[in-house]
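> There's a structure below that I have some questions on.
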Amino acid sequence: MTRIFSGVKPTGHLTLGNYLGAVRRWADVDQHRAEALFCIVDLHALTVDHDPGRVRRLSRQAATLLLASGLDPELCTVFVQSHVDEHARLSYLLECVATDGEMRRMIQYKEKAALERKRGGSVRLSLLTYPVLMAADILAYGTDEVPVGDDQTQHVELTRDLAVRFNQRYGHTFVVPRATRPEVAARVMNLQEPTSKMGKSDDVGPGVVYLLDEPDTVRKKIMRAVTDSGQDVAYDPEERPGVSNLLEILAACEGSDPAGLSETYSSYGALKKDTADAVVELLRPVQDRHKQLCADPSYVEGVLREGARRARAMARPTVDSAYEAIGLLAPSDG
């Protein structure tokens with residue numbers, strides 16, 4: 001059976017972009033067609049300056065929202081990365097296979113390192129090496145498919161390169177995974193800066209719709225979304241990014257085609273209103289279920305505990321094989 005791995009990083013509140021670009025597909029499609037693992041990748045949140053308490057809160061919130069979005073622990077494995085030691089164990093082995101040049105060529109490292117330097121901060125070594133930890137996340141489970149957005153494709157390509165290199169040097173150990181991408185709304189853009197992704201790490205609220213935003217807040221953000229010069233509603237992501245973003249969001253909510261939708265509107269106001277209504281209705285059941293789960297925290301804790309147990313059992317044989325293949329002495333039974 002095909003095995004899928006994907007994760008969310010607890011560096012901010014989950015957004016509409018996370019939901020439409022990934023989480024909804026995990027719930028509606030991926031957990032039903034494959035052996036699927038969905039992980040809160042909390043170790044990745046430590047690559048930049050962070051508040052420890054906030055990371056814990058966001059980790060719990062992300063897990064709760066994944067379950068509220070329809071992930072079923074009877075169908076898939078939901079767990080927290082740091083609860084499974086095999087991620088860190090394998091990461092070091094892959095650092096011994098990766099090169100410094102590969103790490104420094106990663107686009108996200110260049111962007112985040114430049115931003116950190118601009119702020120006057122120092123760049124943590126873990127920011128440079130975290131693509132190797134991401135590769136370990138994937139390879140530990142014999143993953144076949146990794147559902148990702150466009151901005152993560154380079155990391156999956158690195159993972160493939162490391163798997164092939166390890167297999168060639170030390171014997172076949174890892175499955176070589178492939179990236180898969182959803183067709184619509186793979187990359188929802190910021191409502192105020194439609195050339196930038198709607199990222200959960202953005203603490204600037206007006207352009208980001210969070211999954212737990214109140215309906216009135218959602219409506220205000222969408223009604224104030226930046227559009228483009230001109231009055232006609234046309235789908236053209238390059239020349240008309242603002243209106244195209246709204247069309248993609250509405251199309252994703254309705255399961256329709258953004259280009260076709262553009263022909264049914266003659267004004268930005270009508271498009272914004274319909275998009276706001278669609279998003280509010282899309283998020284309503286997720287928010288209702290989230291409230292129910294928050295009232296029963298022991299349920300979420302139990303899901304994560306069982307998820308870590310299952311994930312550990314799946315990852316350990318592969319990681320143990322990698323330790324043996326690379327030349328490490330196995331511990332004695334005593």
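Ordering of the structure tokens sets the chain letters (A, B, ...), residue numbers begin anew at 1 in every chain, and ligands are numbered from 1 in the order given.
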Considering only C-alpha atoms, return as a ChimeraX atom specification whatever protein or nucleic-acid residues lie within 6 Å of region 157-164 of chain A, sequence-local ones (same chain, fewer than 6 positions apart) excluded.
/A:135,174,176
> Could you pull out the helix (DSSP H, G or I) residues of region 197-329 of chain A from DSSP and send them as a ChimeraX atom specification?
/A:215-223,241-254,258-262,268-294,297-326
> Next, write the just-selected residues to a file, as an mmCIF file, in the first residue's frame, keeping C-alpha atoms as the atom set.

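Heads up, here's the output in result.cif:
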```
data_model
loop_
_atom_site.group_PDB
_atom_site.id
_atom_site.type_symbol
_atom_site.label_atom_id
_atom_site.label_comp_id
_atom_site.auth_asym_id
_atom_site.auth_seq_id
_atom_site.Cartn_x
_atom_site.Cartn_y
_atom_site.Cartn_z
ATOM 1 C CA PRO A 215 -16.735 34.760 10.884
ATOM 2 C CA ASP A 216 -16.862 38.570 11.088
ATOM 3 C CA THR A 217 -13.064 38.701 11.051
ATOM 4 C CA VAL A 218 -12.939 36.441 8.001
ATOM 5 C CA ARG A 219 -15.419 38.649 6.166
ATOM 6 C CA LYS A 220 -13.519 41.842 6.973
ATOM 7 C CA LYS A 221 -10.208 40.423 5.799
ATOM 8 C CA ILE A 222 -11.617 39.162 2.509
ATOM 9 C CA MET A 223 -13.686 42.283 1.801
ATOM 10 C CA PRO A 241 -2.598 38.350 -8.746
ATOM 11 C CA GLY A 242 -5.100 39.909 -6.340
ATOM 12 C CA VAL A 243 -8.319 38.974 -8.092
ATOM 13 C CA SER A 244 -6.841 35.652 -9.225
ATOM 14 C CA ASN A 245 -6.130 34.765 -5.599
ATOM 15 C CA LEU A 246 -9.761 35.413 -4.664
ATOM 16 C CA LEU A 247 -10.936 33.318 -7.620
ATOM 17 C CA GLU A 248 -8.675 30.443 -6.589
ATOM 18 C CA ILE A 249 -9.920 30.562 -3.008
ATOM 19 C CA LEU A 250 -13.566 30.580 -4.112
ATOM 20 C CA ALA A 251 -12.942 27.833 -6.662
ATOM 21 C CA ALA A 252 -11.241 25.691 -4.019
ATOM 22 C CA CYS A 253 -14.153 26.192 -1.624
ATOM 23 C CA GLU A 254 -16.715 25.251 -4.274
ATOM 24 C CA PRO A 258 -11.136 29.742 -11.194
ATOM 25 C CA ALA A 259 -10.974 30.681 -14.865
ATOM 26 C CA GLY A 260 -14.569 29.638 -15.366
ATOM 27 C CA LEU A 261 -15.661 31.489 -12.235
ATOM 28 C CA SER A 262 -14.160 34.733 -13.497
ATOM 29 C CA TYR A 268 -14.847 42.854 -7.383
ATOM 30 C CA GLY A 269 -17.416 43.502 -4.658
ATOM 31 C CA ALA A 270 -19.626 40.571 -5.639
ATOM 32 C CA LEU A 271 -16.600 38.277 -5.923
ATOM 33 C CA LYS A 272 -15.349 39.311 -2.482
ATOM 34 C CA LYS A 273 -18.751 38.803 -0.875
ATOM 35 C CA ASP A 274 -19.203 35.329 -2.349
ATOM 36 C CA THR A 275 -15.640 34.377 -1.418
ATOM 37 C CA ALA A 276 -16.157 35.558 2.167
ATOM 38 C CA ASP A 277 -19.434 33.625 2.447
ATOM 39 C CA ALA A 278 -17.806 30.474 1.051
ATOM 40 C CA VAL A 279 -14.830 30.651 3.412
ATOM 41 C CA VAL A 280 -17.017 31.222 6.477
ATOM 42 C CA GLU A 281 -19.119 28.176 5.611
ATOM 43 C CA LEU A 282 -16.023 26.114 4.830
ATOM 44 C CA LEU A 283 -14.496 26.846 8.233
ATOM 45 C CA ARG A 284 -17.669 26.531 10.310
ATOM 46 C CA PRO A 285 -17.578 22.711 10.826
ATOM 47 C CA VAL A 286 -13.834 22.789 11.492
ATOM 48 C CA GLN A 287 -14.272 25.429 14.187
ATOM 49 C CA ASP A 288 -17.230 23.610 15.739
ATOM 50 C CA ARG A 289 -15.294 20.352 15.947
ATOM 51 C CA HIS A 290 -12.248 22.201 17.325
ATOM 52 C CA LYS A 291 -14.360 23.517 20.209
ATOM 53 C CA GLN A 292 -15.563 19.988 20.984
ATOM 54 C CA LEU A 293 -12.035 18.605 20.998
ATOM 55 C CA CYS A 294 -10.742 21.424 23.219
ATOM 56 C CA PRO A 297 -8.086 17.365 25.871
ATOM 57 C CA SER A 298 -7.513 13.792 27.011
ATOM 58 C CA TYR A 299 -8.799 12.573 23.641
ATOM 59 C CA VAL A 300 -6.176 14.561 21.704
ATOM 60 C CA GLU A 301 -3.454 13.419 24.112
ATOM 61 C CA GLY A 302 -4.493 9.823 23.567
ATOM 62 C CA VAL A 303 -4.427 10.196 19.785
ATOM 63 C CA LEU A 304 -0.922 11.663 19.891
ATOM 64 C CA ARG A 305 0.326 9.000 22.284
ATOM 65 C CA GLU A 306 -0.998 6.168 20.125
ATOM 66 C CA GLY A 307 0.199 7.928 16.973
ATOM 67 C CA ALA A 308 3.748 8.155 18.330
ATOM 68 C CA ARG A 309 3.685 4.473 19.264
ATOM 69 C CA ARG A 310 2.611 3.466 15.768
ATOM 70 C CA ALA A 311 5.055 5.850 14.090
ATOM 71 C CA ARG A 312 7.918 4.563 16.224
ATOM 72 C CA ALA A 313 7.136 0.985 15.274
ATOM 73 C CA MET A 314 7.150 1.899 11.579
ATOM 74 C CA ALA A 315 10.331 3.995 11.649
ATOM 75 C CA ARG A 316 12.607 1.961 13.913
ATOM 76 C CA PRO A 317 13.363 -0.959 11.548
ATOM 77 C CA THR A 318 14.400 1.392 8.734
ATOM 78 C CA VAL A 319 16.531 3.592 10.978
ATOM 79 C CA ASP A 320 18.173 0.575 12.612
ATOM 80 C CA SER A 321 18.979 -0.764 9.136
ATOM 81 C CA ALA A 322 20.517 2.596 8.199
ATOM 82 C CA TYR A 323 22.720 2.518 11.318
ATOM 83 C CA GLU A 324 23.970 -0.930 10.402
ATOM 84 C CA ALA A 325 24.452 -0.075 6.731
ATOM 85 C CA ILE A 326 26.559 3.017 7.416
#
```
> Between CA of Leu20 (chain A) and CA of Gln192 (chain A), what is the distance in Å, rounded to a tenth?
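For CA of Leu20 (chain A) relative to CA of Gln192 (chain A), the distance reads 18.1 Å.
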> Given the choices A:Arg3, A:Ile40, A:Thr64, A:Gly121, which gets closest to Asp296 (chain A) if the distance is worked out from only C-alpha atoms?
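Between A:Arg3, A:Ile40, A:Thr64, A:Gly121, the residue approaching Asp296 (chain A) most closely is A:Thr64.
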> DSSP on the backbone: what in region 42-154 of chain A comes out strand (DSSP E), as a PDB file with all heavy atoms, in the first residue's frame?

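Everything below was put into result19.pdb:
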```
ATOM      1  N   THR A  77      -2.173   8.031  10.897  1.00  0.00           N
ATOM      2  CA  THR A  77      -1.361   8.202  12.100  1.00  0.00           C
ATOM      3  C   THR A  77      -1.048   9.676  12.288  1.00  0.00           C
ATOM      4  O   THR A  77      -0.422  10.301  11.424  1.00  0.00           O
ATOM      5  CB  THR A  77      -0.056   7.390  11.987  1.00  0.00           C
ATOM      6  OG1 THR A  77      -0.367   6.004  11.799  1.00  0.00           O
ATOM      7  CG2 THR A  77       0.792   7.555  13.235  1.00  0.00           C
ATOM      8  N   VAL A  78      -1.499  10.253  13.391  1.00  0.00           N
ATOM      9  CA  VAL A  78      -1.250  11.656  13.720  1.00  0.00           C
ATOM     10  C   VAL A  78      -0.352  11.684  14.954  1.00  0.00           C
ATOM     11  O   VAL A  78      -0.682  11.074  15.977  1.00  0.00           O
ATOM     12  CB  VAL A  78      -2.566  12.408  14.007  1.00  0.00           C
ATOM     13  CG1 VAL A  78      -2.299  13.872  14.340  1.00  0.00           C
ATOM     14  CG2 VAL A  78      -3.520  12.304  12.806  1.00  0.00           C
ATOM     15  N   PHE A  79       0.776  12.373  14.863  1.00  0.00           N
ATOM     16  CA  PHE A  79       1.729  12.337  15.976  1.00  0.00           C
ATOM     17  C   PHE A  79       2.617  13.568  15.970  1.00  0.00           C
ATOM     18  O   PHE A  79       2.583  14.376  15.036  1.00  0.00           O
ATOM     19  CB  PHE A  79       2.583  11.064  15.905  1.00  0.00           C
ATOM     20  CG  PHE A  79       3.534  11.002  14.736  1.00  0.00           C
ATOM     21  CD1 PHE A  79       4.886  11.210  14.917  1.00  0.00           C
ATOM     22  CD2 PHE A  79       3.069  10.716  13.458  1.00  0.00           C
ATOM     23  CE1 PHE A  79       5.771  11.146  13.840  1.00  0.00           C
ATOM     24  CE2 PHE A  79       3.935  10.652  12.377  1.00  0.00           C
ATOM     25  CZ  PHE A  79       5.285  10.866  12.570  1.00  0.00           C
ATOM     26  N   VAL A  80       3.407  13.706  17.023  1.00  0.00           N
ATOM     27  CA  VAL A  80       4.333  14.824  17.171  1.00  0.00           C
ATOM     28  C   VAL A  80       5.756  14.318  16.915  1.00  0.00           C
ATOM     29  O   VAL A  80       6.184  13.299  17.465  1.00  0.00           O
ATOM     30  CB  VAL A  80       4.228  15.445  18.578  1.00  0.00           C
ATOM     31  CG1 VAL A  80       5.264  16.547  18.769  1.00  0.00           C
ATOM     32  CG2 VAL A  80       2.818  15.985  18.820  1.00  0.00           C
ATOM     33  N   GLU A 145       5.029   8.912  -1.175  1.00  0.00           N
ATOM     34  CA  GLU A 145       4.546  10.205  -1.656  1.00  0.00           C
ATOM     35  C   GLU A 145       4.602  11.247  -0.545  1.00  0.00           C
ATOM     36  O   GLU A 145       4.271  10.949   0.610  1.00  0.00           O
ATOM     37  CB  GLU A 145       3.098  10.097  -2.154  1.00  0.00           C
ATOM     38  CG  GLU A 145       2.912   9.182  -3.345  1.00  0.00           C
ATOM     39  CD  GLU A 145       1.461   9.150  -3.807  1.00  0.00           C
ATOM     40  OE1 GLU A 145       0.649   9.974  -3.306  1.00  0.00           O
ATOM     41  OE2 GLU A 145       1.140   8.304  -4.649  1.00  0.00           O
ATOM     42  N   VAL A 146       4.964  12.474  -0.933  1.00  0.00           N
ATOM     43  CA  VAL A 146       4.992  13.601  -0.004  1.00  0.00           C
ATOM     44  C   VAL A 146       4.147  14.725  -0.600  1.00  0.00           C
ATOM     45  O   VAL A 146       4.572  15.391  -1.543  1.00  0.00           O
ATOM     46  CB  VAL A 146       6.432  14.110   0.225  1.00  0.00           C
ATOM     47  CG1 VAL A 146       6.449  15.156   1.345  1.00  0.00           C
ATOM     48  CG2 VAL A 146       7.371  12.966   0.546  1.00  0.00           C
ATOM     49  N   PRO A 147       2.925  14.944  -0.099  1.00  0.00           N
ATOM     50  CA  PRO A 147       2.109  16.049  -0.612  1.00  0.00           C
ATOM     51  C   PRO A 147       2.689  17.382  -0.146  1.00  0.00           C
ATOM     52  O   PRO A 147       2.802  17.623   1.058  1.00  0.00           O
ATOM     53  CB  PRO A 147       0.729  15.803   0.021  1.00  0.00           C
ATOM     54  CG  PRO A 147       0.788  14.436   0.615  1.00  0.00           C
ATOM     55  CD  PRO A 147       2.214  14.171   0.925  1.00  0.00           C
TER      56      PRO A 147
END
```
